[in-house]
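**Student:** Supplied structure: run.cif, mmCIF, C-alpha atoms.
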data_protein
loop_
_atom_site.label_atom_id
_atom_site.label_comp_id
_atom_site.auth_asym_id
_atom_site.auth_seq_id
_atom_site.Cartn_x
_atom_site.Cartn_y
_atom_site.Cartn_z
CA MET V 1 179.43 -93.45 -1.19
CA THR V 2 177.16 -96.50 -1.10
CA GLN V 3 177.92 -98.74 1.87
CA LEU V 4 177.51 -102.48 2.21
CA LYS V 5 174.41 -103.25 4.21
CA THR V 6 174.78 -104.72 7.67
CA GLY V 7 172.56 -107.54 8.83
CA TRP V 8 173.88 -110.01 6.26
CA GLU V 9 177.15 -110.82 8.01
CA ILE V 10 177.89 -114.48 8.62
CA GLN V 11 178.73 -115.59 12.15
CA SER V 12 181.93 -117.50 12.78
CA LEU V 13 183.19 -119.59 15.69
CA GLY V 14 186.66 -118.11 15.34
CA ALA V 15 189.58 -117.65 13.01
CA ALA V 16 190.06 -120.37 10.39
CA THR V 17 193.81 -121.05 10.62
CA LEU V 18 194.20 -124.68 9.58
CA PRO V 19 195.06 -125.63 6.00
CA SER V 20 192.23 -127.33 4.16
CA PRO V 21 192.99 -130.95 3.24
CA ILE V 22 190.90 -130.86 0.07
CA PRO V 23 192.30 -130.05 -3.38
CA SER V 24 190.23 -127.35 -5.05
CA VAL V 25 190.43 -125.78 -8.47
CA LYS V 26 189.34 -122.52 -6.84
CA PHE V 27 188.92 -121.65 -3.19
CA THR V 28 186.26 -119.15 -2.15
CA THR V 29 187.18 -116.27 0.15
CA ASP V 30 184.98 -114.37 2.58
CA ASP V 31 185.50 -111.30 0.39
CA ASP V 32 183.66 -113.00 -2.48
CA VAL V 33 180.20 -111.50 -2.28
CA LEU V 34 177.09 -111.27 -4.44
CA LEU V 35 174.61 -108.42 -4.72
CA LEU V 36 171.21 -109.43 -3.43
CA ASN V 37 169.64 -107.05 -5.94
CA PRO V 38 171.75 -106.92 -9.13
CA THR V 39 169.52 -104.37 -10.88
CA VAL V 40 171.51 -101.66 -12.67
CA SER V 41 170.19 -98.15 -13.27
CA SER V 42 170.28 -97.31 -16.99
CA ALA V 43 170.71 -93.65 -16.08
CA SER V 44 173.80 -93.99 -13.89
CA GLY V 45 175.14 -97.40 -14.84
CA SER V 46 175.41 -98.16 -11.13
CA PRO V 47 173.69 -100.87 -9.08
CA VAL V 48 170.39 -99.75 -7.67
CA ALA V 49 170.83 -99.28 -3.94
CA GLY V 50 168.76 -101.37 -1.60
CA SER V 51 166.79 -104.55 -1.93
CA SER V 52 163.55 -105.94 -0.66
CA ALA V 53 165.01 -105.58 2.81
CA SER V 54 167.15 -102.47 2.52
CA ASP V 55 166.98 -98.69 2.23
CA ASN V 56 168.28 -96.39 -0.48
CA SER V 57 171.78 -95.83 0.91
CA THR V 58 173.06 -99.37 1.27
CA LEU V 59 173.69 -102.46 -0.81
CA ALA V 60 172.82 -105.87 0.59
CA VAL V 61 175.47 -108.43 -0.31
CA LEU V 62 175.60 -112.17 0.23
CA GLU V 63 178.73 -114.13 1.11
CA LYS V 64 179.48 -116.77 -1.50
CA ALA V 65 179.55 -120.41 -0.46
CA GLY V 66 182.33 -122.82 -1.35
CA PRO V 67 185.49 -124.48 -0.01
CA ARG V 68 187.81 -122.24 2.01
CA GLN V 69 191.60 -122.51 1.87
CA SER V 70 191.75 -122.38 5.66
CA ILE V 71 189.41 -124.24 7.99
CA PHE V 72 188.48 -123.98 11.65
CA PHE V 73 188.03 -127.59 12.73
CA LYS V 74 190.67 -130.28 12.80
CA PRO V 75 189.06 -132.99 10.65
CA GLU V 76 190.08 -135.80 13.01
CA ASN V 77 188.15 -134.04 15.81
CA VAL V 78 184.93 -133.56 13.87
CA VAL V 79 181.79 -135.29 15.11
CA ALA V 80 178.91 -134.19 12.91
CA GLY V 81 175.18 -134.67 13.38
CA ILE V 82 172.44 -134.60 10.74
CA VAL V 83 168.71 -134.17 11.33
CA THR V 84 165.79 -134.06 8.87
CA CYS V 85 162.55 -132.39 9.96
CA GLY V 86 159.07 -131.68 8.60
CA GLY V 87 157.33 -133.28 5.65
CA LEU V 88 158.97 -135.55 3.12
CA CYS V 89 160.56 -134.06 0.03
CA PRO V 90 162.42 -135.54 -2.95
CA ALA V 91 166.24 -135.50 -2.58
CA LEU V 92 166.40 -135.63 1.22
CA ASN V 93 168.55 -138.75 1.01
CA ASN V 94 170.71 -137.08 -1.63
CA VAL V 95 171.55 -134.27 0.80
CA ILE V 96 172.33 -136.72 3.61
CA ARG V 97 174.60 -138.77 1.36
CA SER V 98 176.40 -135.68 0.11
CA ILE V 99 177.11 -134.41 3.62
CA VAL V 100 178.39 -137.80 4.79
CA ASN V 101 180.61 -138.37 1.76
CA THR V 102 182.04 -134.84 1.73
CA LEU V 103 182.83 -134.94 5.45
CA THR V 104 184.38 -138.39 5.27
CA TYR V 105 186.08 -138.60 1.90
CA ARG V 106 187.12 -134.98 1.40
CA TYR V 107 187.83 -133.80 4.93
CA GLY V 108 188.46 -137.01 6.85
CA ALA V 109 185.93 -136.35 9.62
CA SER V 110 186.01 -138.91 12.41
CA ARG V 111 182.29 -139.55 12.89
CA VAL V 112 178.88 -138.65 11.44
CA ILE V 113 175.72 -139.31 13.46
CA GLY V 114 172.18 -139.41 12.14
CA PHE V 115 169.53 -138.24 14.61
CA LYS V 116 166.30 -140.04 13.80
CA PHE V 117 162.81 -138.54 13.56
CA GLY V 118 163.58 -134.85 13.49
CA TYR V 119 164.43 -132.86 16.59
CA GLU V 120 163.13 -135.77 18.69
CA GLY V 121 166.45 -137.40 17.87
CA LEU V 122 168.25 -134.66 19.82
CA ASN V 123 166.21 -135.35 22.94
CA PRO V 124 167.82 -138.25 24.86
CA ASP V 125 164.43 -139.32 26.20
CA LEU V 126 163.19 -139.90 22.66
CA SER V 127 166.42 -140.27 20.74
CA SER V 128 167.44 -142.92 18.30
CA ILE V 129 170.73 -142.40 16.51
CA ILE V 130 172.49 -144.22 13.70
CA GLU V 131 176.07 -144.14 12.48
CA LEU V 132 176.35 -142.69 9.00
CA THR V 133 179.24 -143.86 6.86
CA PRO V 134 179.88 -143.77 3.12
CA HIS V 135 179.01 -147.49 3.08
CA SER V 136 175.71 -147.06 4.91
CA VAL V 137 174.58 -144.23 2.61
CA ARG V 138 175.97 -145.62 -0.63
CA ASP V 139 172.56 -146.35 -2.23
CA ILE V 140 170.15 -144.09 -0.35
CA HIS V 141 169.92 -141.52 -3.15
CA GLN V 142 168.11 -144.17 -5.19
CA PHE V 143 165.14 -144.01 -2.81
CA GLY V 144 162.62 -141.39 -1.76
CA GLY V 145 161.89 -140.32 1.79
CA THR V 146 164.66 -140.00 4.37
CA ILE V 147 166.62 -142.78 6.06
CA LEU V 148 166.61 -140.64 9.21
CA GLY V 149 162.85 -140.36 9.40
CA SER V 150 161.22 -137.08 10.28
CA SER V 151 158.84 -135.41 12.69
CA ARG V 152 157.28 -132.03 13.29
CA GLY V 153 157.49 -129.76 16.28
CA PRO V 154 160.16 -128.47 18.66
CA GLN V 155 162.10 -129.99 21.54
CA PRO V 156 163.64 -128.17 24.55
CA ILE V 157 166.63 -126.23 23.26
CA GLY V 158 168.77 -126.72 26.35
CA VAL V 159 168.12 -130.47 26.34
CA MET V 160 169.19 -130.76 22.71
CA VAL V 161 172.40 -128.79 23.25
CA ASP V 162 173.20 -130.83 26.36
CA TYR V 163 172.83 -134.01 24.33
CA MET V 164 175.11 -132.74 21.55
CA VAL V 165 177.74 -131.83 24.13
CA LYS V 166 177.44 -135.29 25.70
CA LEU V 167 177.98 -136.94 22.29
CA GLY V 168 180.82 -134.59 21.40
CA VAL V 169 178.95 -133.20 18.36
CA ASN V 170 180.65 -130.06 17.09
CA MET V 171 178.67 -129.48 13.91
CA LEU V 172 174.96 -129.93 13.28
CA PHE V 173 173.28 -129.99 9.86
CA THR V 174 169.56 -129.21 9.97
CA ILE V 175 167.64 -130.17 6.84
CA GLY V 176 164.18 -128.62 6.87
CA GLY V 177 161.93 -125.65 6.21
CA ASP V 178 161.50 -122.34 7.96
CA GLY V 179 160.24 -123.95 11.18
CA THR V 180 163.26 -126.24 11.25
CA GLN V 181 165.62 -123.33 10.66
CA ARG V 182 163.97 -121.32 13.46
CA GLY V 183 164.74 -124.25 15.72
CA ALA V 184 168.30 -124.38 14.39
CA MET V 185 168.69 -120.66 15.02
CA ALA V 186 167.59 -121.15 18.63
CA ILE V 187 170.14 -123.97 19.01
CA ALA V 188 172.86 -121.75 17.54
CA GLU V 189 171.94 -118.94 19.95
CA GLU V 190 172.15 -121.32 22.92
CA VAL V 191 175.53 -122.54 21.66
CA VAL V 192 176.79 -118.95 21.57
CA ARG V 193 175.40 -118.26 25.04
CA ARG V 194 177.37 -121.22 26.39
CA ASN V 195 180.48 -120.24 24.38
CA LEU V 196 180.62 -123.65 22.67
CA ASN V 197 182.42 -124.40 19.40
CA ILE V 198 179.47 -126.02 17.61
CA SER V 199 178.65 -125.03 14.06
CA VAL V 200 174.96 -125.06 13.08
CA ILE V 201 174.30 -125.11 9.34
CA GLY V 202 170.89 -125.31 7.69
CA VAL V 203 170.00 -126.84 4.34
CA PRO V 204 166.61 -125.39 3.34
CA LYS V 205 164.07 -128.08 2.51
CA THR V 206 160.65 -127.03 1.30
CA ILE V 207 159.00 -128.60 -1.69
CA ASP V 208 156.88 -125.43 -1.94
CA ASN V 209 160.00 -123.35 -2.77
CA ASP V 210 158.92 -120.69 -0.26
CA ILE V 211 162.15 -119.93 1.66
CA CYS V 212 163.01 -116.28 1.29
CA TYR V 213 166.28 -115.02 -0.24
CA VAL V 214 166.94 -118.25 -2.15
CA GLU V 215 165.90 -118.87 -5.75
CA ARG V 216 164.94 -122.51 -5.36
CA THR V 217 164.91 -125.31 -2.85
CA PHE V 218 165.61 -128.96 -3.54
CA GLY V 219 162.63 -131.14 -4.42
CA PHE V 220 160.79 -128.32 -6.19
CA GLU V 221 161.81 -129.28 -9.73
CA THR V 222 160.91 -132.92 -9.02
CA ALA V 223 157.47 -131.80 -7.83
CA VAL V 224 156.94 -129.76 -11.00
CA ALA V 225 158.07 -132.66 -13.20
CA LEU V 226 155.96 -135.33 -11.48
CA ALA V 227 152.87 -133.12 -11.43
CA GLN V 228 152.80 -133.37 -15.22
CA GLU V 229 151.35 -136.88 -15.21
CA ALA V 230 148.48 -135.82 -12.95
CA ILE V 231 147.71 -132.76 -15.10
CA LYS V 232 147.96 -134.81 -18.28
CA ALA V 233 145.54 -137.40 -16.87
CA GLY V 234 143.11 -134.72 -15.70
CA HIS V 235 143.23 -133.02 -19.09
CA GLU V 236 142.64 -136.23 -21.04
CA GLU V 237 139.70 -137.12 -18.78
CA ALA V 238 138.24 -133.64 -19.26
CA ARG V 239 138.47 -133.46 -23.03
CA SER V 240 137.24 -137.02 -23.48
CA ALA V 241 133.78 -136.11 -22.17
CA ARG V 242 131.15 -133.54 -23.08
CA ASN V 243 131.61 -130.71 -20.58
CA GLY V 244 134.44 -132.56 -18.90
CA LEU V 245 136.13 -130.87 -15.98
CA GLY V 246 139.53 -131.93 -14.63
CA ILE V 247 140.78 -130.71 -11.26
CA VAL V 248 144.29 -131.33 -9.95
CA LYS V 249 145.31 -130.20 -6.47
CA LEU V 250 149.04 -129.63 -5.95
CA MET V 251 151.13 -128.76 -2.92
CA GLY V 252 151.52 -125.15 -1.89
CA ARG V 253 150.22 -124.03 1.48
CA GLU V 254 150.86 -120.31 1.25
CA SER V 255 152.90 -120.16 -1.94
CA GLY V 256 151.73 -121.43 -5.32
CA PHE V 257 155.05 -121.98 -7.08
CA ILE V 258 154.50 -125.68 -7.80
CA ALA V 259 151.05 -125.12 -9.29
CA LEU V 260 152.24 -122.15 -11.35
CA HIS V 261 155.34 -123.81 -12.78
CA ALA V 262 153.60 -127.16 -13.33
CA SER V 263 150.80 -125.38 -15.19
CA LEU V 264 153.28 -123.48 -17.36
CA ALA V 265 155.14 -126.68 -18.16
CA SER V 266 151.92 -128.49 -19.04
CA GLY V 267 150.47 -125.91 -21.40
CA ASP V 268 147.00 -127.47 -20.98
CA VAL V 269 145.77 -125.71 -17.83
CA ASN V 270 142.91 -123.26 -18.32
CA MET V 271 142.39 -122.06 -14.78
CA LEU V 272 145.02 -121.63 -12.04
CA LEU V 273 143.99 -120.94 -8.45
CA LEU V 274 146.78 -119.97 -6.06
CA PRO V 275 147.01 -118.96 -2.38
CA GLU V 276 148.21 -115.55 -3.58
CA THR V 277 145.03 -114.95 -5.60
CA LYS V 278 141.52 -114.07 -4.48
CA PHE V 279 138.55 -115.53 -6.29
CA THR V 280 134.90 -116.40 -5.79
CA MET V 281 132.88 -119.46 -6.68
CA ASP V 282 130.71 -117.29 -8.92
CA SER V 283 133.75 -116.24 -10.97
CA ILE V 284 134.98 -119.84 -11.23
CA VAL V 285 131.59 -121.10 -12.39
CA SER V 286 131.36 -118.30 -14.93
CA GLU V 287 134.76 -119.19 -16.40
CA VAL V 288 133.92 -122.91 -16.46
CA LEU V 289 130.68 -122.23 -18.34
CA ASP V 290 132.59 -120.06 -20.83
CA ARG V 291 135.10 -122.87 -21.41
CA PHE V 292 132.29 -125.40 -21.83
CA GLU V 293 130.67 -123.21 -24.48
CA LYS V 294 133.91 -122.61 -26.40
CA ARG V 295 135.81 -125.89 -25.97
CA SER V 296 133.45 -128.26 -24.10
CA HIS V 297 136.03 -128.97 -21.39
CA CYS V 298 138.07 -127.20 -18.70
CA MET V 299 141.28 -128.05 -16.81
CA ILE V 300 141.82 -126.51 -13.35
CA VAL V 301 144.95 -126.64 -11.17
CA ILE V 302 144.62 -125.46 -7.58
CA SER V 303 147.16 -125.12 -4.75
CA GLU V 304 146.27 -126.73 -1.44
CA GLY V 305 146.26 -123.39 0.35
CA ALA V 306 144.08 -121.55 -2.18
CA GLY V 307 140.51 -120.55 -1.42
CA GLN V 308 140.62 -121.42 2.25
CA GLU V 309 138.27 -118.54 3.02
CA LEU V 310 135.67 -120.26 0.82
CA CYS V 311 135.85 -123.79 2.23
CA GLN V 312 136.69 -123.42 5.91
CA THR V 313 133.74 -123.48 8.26
CA GLY V 314 135.82 -122.61 11.32
CA ASN V 315 139.30 -122.64 12.84
CA LEU V 316 140.76 -126.10 12.26
CA GLY V 317 143.66 -125.51 14.66
CA LYS V 318 147.40 -125.96 14.21
CA ASP V 319 149.62 -128.91 13.39
CA ALA V 320 152.73 -129.90 15.38
CA SER V 321 154.81 -127.39 13.42
CA GLY V 322 152.48 -124.53 14.27
CA ASN V 323 151.01 -124.33 10.77
CA SER V 324 147.29 -123.72 10.34
CA VAL V 325 145.39 -126.89 9.42
CA PHE V 326 143.74 -126.39 6.03
CA ALA V 327 140.45 -127.70 4.73
CA ASP V 328 140.70 -129.85 1.58
CA VAL V 329 140.04 -127.22 -1.07
CA GLY V 330 140.23 -129.75 -3.90
CA VAL V 331 137.40 -131.87 -2.56
CA PHE V 332 135.43 -128.71 -1.76
CA LEU V 333 135.90 -127.36 -5.29
CA LYS V 334 134.76 -130.63 -6.86
CA LYS V 335 131.62 -130.83 -4.73
CA GLU V 336 130.75 -127.14 -5.00
CA LEU V 337 131.21 -127.02 -8.76
CA SER V 338 129.08 -130.12 -9.21
CA LYS V 339 126.35 -128.68 -7.01
CA ARG V 340 126.28 -125.35 -8.85
CA LEU V 341 126.40 -126.90 -12.32
CA ASN V 342 123.58 -129.29 -11.40
CA ALA V 343 121.54 -126.34 -10.17
CA LEU V 344 122.02 -124.76 -13.61
CA ASN V 345 121.05 -128.05 -15.32
CA VAL V 346 124.46 -128.22 -17.00
CA GLU V 347 125.48 -131.72 -17.95
CA HIS V 348 129.07 -132.32 -16.83
CA THR V 349 131.68 -134.83 -15.65
CA ILE V 350 134.31 -134.01 -12.99
CA LYS V 351 137.52 -135.93 -12.39
CA TYR V 352 139.61 -134.94 -9.35
CA ILE V 353 143.26 -135.94 -8.83
CA ASP V 354 145.53 -135.28 -5.82
CA PRO V 355 149.09 -136.61 -6.39
CA SER V 356 150.62 -134.88 -3.36
CA TYR V 357 151.94 -137.85 -1.39
CA THR V 358 153.19 -139.74 -4.44
CA ILE V 359 155.27 -136.65 -5.28
CA ARG V 360 156.59 -135.99 -1.76
CA ALA V 361 158.01 -139.50 -1.42
CA ALA V 362 159.46 -139.74 -4.93
CA VAL V 363 163.05 -140.12 -6.05
CA ALA V 364 164.59 -136.84 -7.19
CA VAL V 365 164.85 -135.98 -10.88
CA PRO V 366 168.44 -135.44 -12.11
CA SER V 367 168.43 -131.64 -11.76
CA ASP V 368 167.30 -131.91 -8.12
CA ALA V 369 169.80 -134.71 -7.45
CA ILE V 370 172.64 -132.49 -8.67
CA PHE V 371 171.36 -129.50 -6.71
CA ALA V 372 170.98 -131.50 -3.49
CA LEU V 373 174.49 -132.94 -3.88
CA GLN V 374 175.94 -129.44 -4.20
CA LEU V 375 173.91 -128.06 -1.29
CA GLY V 376 175.28 -130.81 0.95
CA GLN V 377 178.83 -130.05 -0.15
CA MET V 378 178.39 -126.31 0.45
CA ALA V 379 176.98 -126.98 3.90
CA VAL V 380 180.05 -129.02 4.83
CA HIS V 381 182.46 -126.41 3.48
CA ALA V 382 180.74 -123.76 5.60
CA ALA V 383 180.83 -125.87 8.75
CA MET V 384 184.48 -126.88 8.35
CA ALA V 385 185.39 -123.19 8.00
CA GLY V 386 183.78 -122.55 11.39
CA LYS V 387 180.80 -120.66 10.06
CA THR V 388 177.50 -121.00 11.89
CA SER V 389 173.87 -119.89 12.10
CA LEU V 390 173.42 -119.85 8.33
CA ILE V 391 171.66 -121.69 5.56
CA VAL V 392 173.19 -122.52 2.21
CA GLY V 393 171.21 -121.66 -0.89
CA MET V 394 171.33 -120.39 -4.42
CA MET V 395 170.87 -116.80 -5.57
CA HIS V 396 171.47 -115.53 -9.11
CA ASN V 397 172.90 -118.95 -10.00
CA HIS V 398 175.55 -118.77 -7.25
CA PHE V 399 175.67 -120.73 -4.00
CA VAL V 400 175.58 -118.34 -1.06
CA HIS V 401 175.39 -118.15 2.73
CA ILE V 402 172.21 -116.63 4.17
CA PRO V 403 172.07 -115.72 7.88
CA MET V 404 169.35 -117.77 9.57
CA THR V 405 167.83 -114.57 10.91
CA ARG V 406 167.21 -113.50 7.31
CA ALA V 407 166.10 -116.90 6.04
CA VAL V 408 163.09 -116.95 8.38
CA GLU V 409 162.03 -113.31 7.87
CA TYR V 410 159.05 -114.11 5.69
CA ARG V 411 157.61 -116.71 3.33
CA LYS V 412 158.38 -116.24 -0.36
CA LYS V 413 155.24 -115.98 -2.50
CA VAL V 414 154.30 -115.89 -6.16
CA ASP V 415 154.27 -112.36 -7.52
CA ILE V 416 150.94 -112.20 -9.34
CA HIS V 417 152.10 -108.95 -10.92
CA GLY V 418 155.33 -110.56 -12.14
CA GLN V 419 156.48 -111.97 -15.46
CA THR V 420 156.06 -115.65 -14.60
CA PHE V 421 152.40 -115.29 -13.67
CA GLN V 422 151.87 -113.12 -16.75
CA SER V 423 153.36 -115.93 -18.82
CA PHE V 424 150.63 -118.24 -17.54
CA LEU V 425 147.92 -115.69 -18.35
CA ASP V 426 149.32 -115.31 -21.87
CA ALA V 427 149.56 -119.08 -22.37
CA SER V 428 146.16 -119.98 -20.96
CA GLY V 429 143.99 -116.99 -21.73
CA MET V 430 142.65 -117.03 -18.20
CA PRO V 431 141.08 -113.63 -17.51
CA ILE V 432 142.88 -111.37 -15.05
CA SER V 433 139.54 -110.59 -13.45
CA LEU V 434 139.35 -114.14 -12.14
CA VAL V 435 142.23 -113.54 -9.72
CA HIS V 436 141.58 -109.91 -8.84
CA GLN V 437 138.29 -110.17 -7.02
#
What does the file become when written as structure tokens?

**Tutor:**
Amino acid sequence: MTQLKTGWEIQSLGAATLPSPIPSVKFTTDDDVLLLNPTVSSASGSPVAGSSASDNSTLAVLEKAGPRQSIFFKPENVVAGIVTCGGLCPALNNVIRSIVNTLTYRYGASRVIGFKFGYEGLNPDLSSIIELTPHSVRDIHQFGGTILGSSRGPQPIGVMVDYMVKLGVNMLFTIGGDGTQRGAMAIAEEVVRRNLNISVIGVPKTIDNDICYVERTFGFETAVALAQEAIKAGHEEARSARNGLGIVKLMGRESGFIALHASLASGDVNMLLLPETKFTMDSIVSEVLDRFEKRSHCMIVISEGAGQELCQTGNLGKDASGNSVFADVGVFLKKELSKRLNALNVEHTIKYIDPSYTIRAAVAVPSDAIFALQLGQMAVHAAMAGKTSLIVGMMHNHFVHIPMTRAVEYRKKVDIHGQTFQSFLDASGMPISLVHQ
């Protein structure tokens, strides 16, 4: 008989024995689970065993998120902390507001603390904290950025846990990407080692949508929507000139989801260059010349992490988060294309647009605002039930709990053999050979 796969269990601080104070149309139980891989075999009618992280004798299942009928913490004893780390992303303030309002209005928590400037806020030598109340966060969802500020890089784990103990914090919400959640996992492990009742819950924040085992992360749909204006401008500039060339660089260090989805939504992109694809300058020039001959213009969208092997002249080092520093591939592409076209005596005009920072600091579009609100609520429900060392996310249109150990396993990437990328090839006519060098 097929067994449920281990390694997806959710850690708990103890038995949840207190009645929940919130009214709910439907409480979620720990027995409510979701198949990670819902594929059904047409031959047997049974779910296909395994997943991207399993073998052929087990089924990986995810615990569903949602309010529990019984909770672990007495609401009047709850002191919660919130931290935002890494780069800016639309809907950060929406998540903060949701956590504060759910804790206060629905559960009656006694105090919510905001730790400023990332994990620095959990180091007493650097810390700056603010009290978060429904009044203080009432309008923050109308603004981009984060009222807590942010920073990159780690702080000493023991120092941070000591400071939480000193402040009486018994639940910590970490809003950030995979680096942030690795830090949160280390905090949770130190909490377990000390036998402390502190819940650590992550809300995945990456505008690149590259956290594994979740379908989407907040801010992604805003990025796709706001990229449209840049692509539209680049396209109009390109087709308004003889041999016009528009280049738009979008965010995506190692994963090209924003560029792919923004290009699909636009319908006017002729060439898409992603970190997941390999290409040469010769192939790009050849395709540009073909477009000039047929349509007298060309529109290119490129992810920031694409083509680094072409434009880097050496190791540029690491940033504070431990990420490799990238060369500016957009500027490189503009200069290199101009140089090569000039060498061929091809008259041309190039317009280059990089909207990255205007997108990162933007206010969330409605779909992201709703999603961020729900993520914050799910994070609070998990913490109040005494769960820990998990992130909340969405899979197969259900909110689920993902163990932090799983959430940081790898970085999700565009499948260039998948249906979504094929949709772009079908819509644009870009030759497959361009990305299979």

**Student:** I want to know what sits within 10 Å of Glu293 of chain V, based on all atoms listed in the file, with residues of the same chain fewer than 5 positions away left out; could you give that as a PyMOL selection string?

**Tutor:** chain V and resi 243+287-288

**Student:** Which residues come within 6 Å of His401 of chain V, counting all atoms listed in the file, excluding same-chain residues fewer than 3 positions away, as a tab-separated table (two decimals) with C-alpha atoms, in the frame of the given file?

**Tutor:**
chain	number	residue	atom	x	y	z
V	63	GLU	CA	178.73	-114.13	1.11
V	65	ALA	CA	179.55	-120.41	-0.46
V	391	ILE	CA	171.66	-121.69	5.56
V	392	VAL	CA	173.19	-122.52	2.21

**Student:** Could you work out how far atom CA of Phe371 of chain V lies from atom CA of Pro90 of chain V, giving the answer in Å with one decimal?

**Tutor:**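 It comes out at 11.4 Å.
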
**Student:** On this structure, the PyMOL selection byres ((chain V and resi 26) around 12) would catch which residues? List them as a PyMOL selection string, sorted by chain and number.

**Tutor:** chain V and resi 22-25+27-29+32+65-69

**Student:** Please produce an output containing C-alpha atoms for each residue in the selection, written as a PDB file, in the coordinates of the input.

**Tutor:**
ATOM      1  CA  ILE V  22     190.900-130.860   0.070  1.00  0.00           C
ATOM      2  CA  PRO V  23     192.300-130.050  -3.380  1.00  0.00           C
ATOM      3  CA  SER V  24     190.230-127.350  -5.050  1.00  0.00           C
ATOM      4  CA  VAL V  25     190.430-125.780  -8.470  1.00  0.00           C
ATOM      5  CA  PHE V  27     188.920-121.650  -3.190  1.00  0.00           C
ATOM      6  CA  THR V  28     186.260-119.150  -2.150  1.00  0.00           C
ATOM      7  CA  THR V  29     187.180-116.270   0.150  1.00  0.00           C
ATOM      8  CA  ASP V  32     183.660-113.000  -2.480  1.00  0.00           C
ATOM      9  CA  ALA V  65     179.550-120.410  -0.460  1.00  0.00           C
ATOM     10  CA  GLY V  66     182.330-122.820  -1.350  1.00  0.00           C
ATOM     11  CA  PRO V  67     185.490-124.480  -0.010  1.00  0.00           C
ATOM     12  CA  ARG V  68     187.810-122.240   2.010  1.00  0.00           C
ATOM     13  CA  GLN V  69     191.600-122.510   1.870  1.00  0.00           C
TER      14      GLN V  69
END

**Student:** Using all atoms listed in the file, find the one residue out of V:Leu274, V:Ala225, V:Met171, V:Ile130 that sits nearest to Leu434 of chain V.

**Tutor:**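 Closest residue, counting all atoms listed in the file: V:Leu274.
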
**Student:** I'd like to know which of V:Gly183, V:Gly330, V:Gly118, V:Gly153 is closest to Thr405 of chain V, using all atoms listed in the file.

**Tutor:**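 Answer, going by the shortest atom-to-atom distance: V:Gly183.
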
**Student:** Could you jot down the atom CA of Val100 of chain V to atom CA of Asp30 of chain V separation for me, Å, one decimal place?

**Tutor:**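 Answer for the atom CA of Val100 of chain V to atom CA of Asp30 of chain V separation: 24.4 Å.
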
**Student:** Please evaluate the PyMOL selection byres ((chain V and resi 432) around 12) against the structure above and give the resulting residues as a ChimeraX atom specification.

**Tutor:** /V:271-273,277-279,283,287,416-417,421-422,424-426,428-431,433-437

**Student:** Which residues are near segment 356-361 of chain V? Cut-off 7 Å, all atoms listed in the file, ignore same chain within fewer than 4 positions. Put them as an mmCIF file with C-alpha atoms, in the frame of the given file.

**Tutor:**
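The resulting around.cif:
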data_model
loop_
_atom_site.group_PDB
_atom_site.id
_atom_site.type_symbol
_atom_site.label_atom_id
_atom_site.label_comp_id
_atom_site.auth_asym_id
_atom_site.auth_seq_id
_atom_site.Cartn_x
_atom_site.Cartn_y
_atom_site.Cartn_z
ATOM 1 C CA LEU V 88 158.970 -135.550 3.120
ATOM 2 C CA CYS V 89 160.560 -134.060 0.030
ATOM 3 C CA PRO V 90 162.420 -135.540 -2.950
ATOM 4 C CA GLY V 144 162.620 -141.390 -1.760
ATOM 5 C CA GLY V 145 161.890 -140.320 1.790
ATOM 6 C CA ALA V 223 157.470 -131.800 -7.830
ATOM 7 C CA LEU V 226 155.960 -135.330 -11.480
ATOM 8 C CA LEU V 250 149.040 -129.630 -5.950
ATOM 9 C CA MET V 251 151.130 -128.760 -2.920
#

**Student:** Calculated over only C-alpha atoms, which of the candidates V:Pro355, V:Gly168, V:Pro403, V:Gly267 has the smallest distance to Ser423 of chain V?

**Tutor:**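 The answer is V:Gly267, which sits nearest to Ser423 of chain V.
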
**Student:** How would you write, as a PyMOL selection string, the residues chosen by the PyMOL selection byres ((chain V and resi 203-214) around 9) on this structure?

**Tutor:** chain V and resi 36+84-90+92+95+173-178+180-181+201-202+215-223+251-258+360+375-376+379+390-396+400+402+406-414

**Student:** Restricting the calculation to all atoms listed in the file, which member of V:Ile231, V:Ile302, V:Asn270, V:Ser128 is positioned closest to Asp290 of chain V?

**Tutor:**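 Under the stated criterion, the closest residue is V:Asn270.
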
**Student:** When you draw a straight line from atom CA of Asp268 of chain V to atom CA of Ala362 of chain V, how long is it in Å?

**Tutor:** 23.7 Å

**Student:** Could you list, as a PyMOL selection string, every residue within 12 Å of Val269 of chain V, counting all atoms listed in the file and ignoring same-chain residues fewer than 4 positions away?

**Tutor:** chain V and resi 228+230-236+238-239+245-248+259-265+273+291+297-302+424-430

**Student:** Of the candidates V:Ser136, V:Thr280, V:Ser150, V:Thr17, which shows the shortest atom-to-atom distance to Leu337 of chain V, using all atoms listed in the file?

**Tutor:**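 The closest residue to Leu337 of chain V is V:Thr280.
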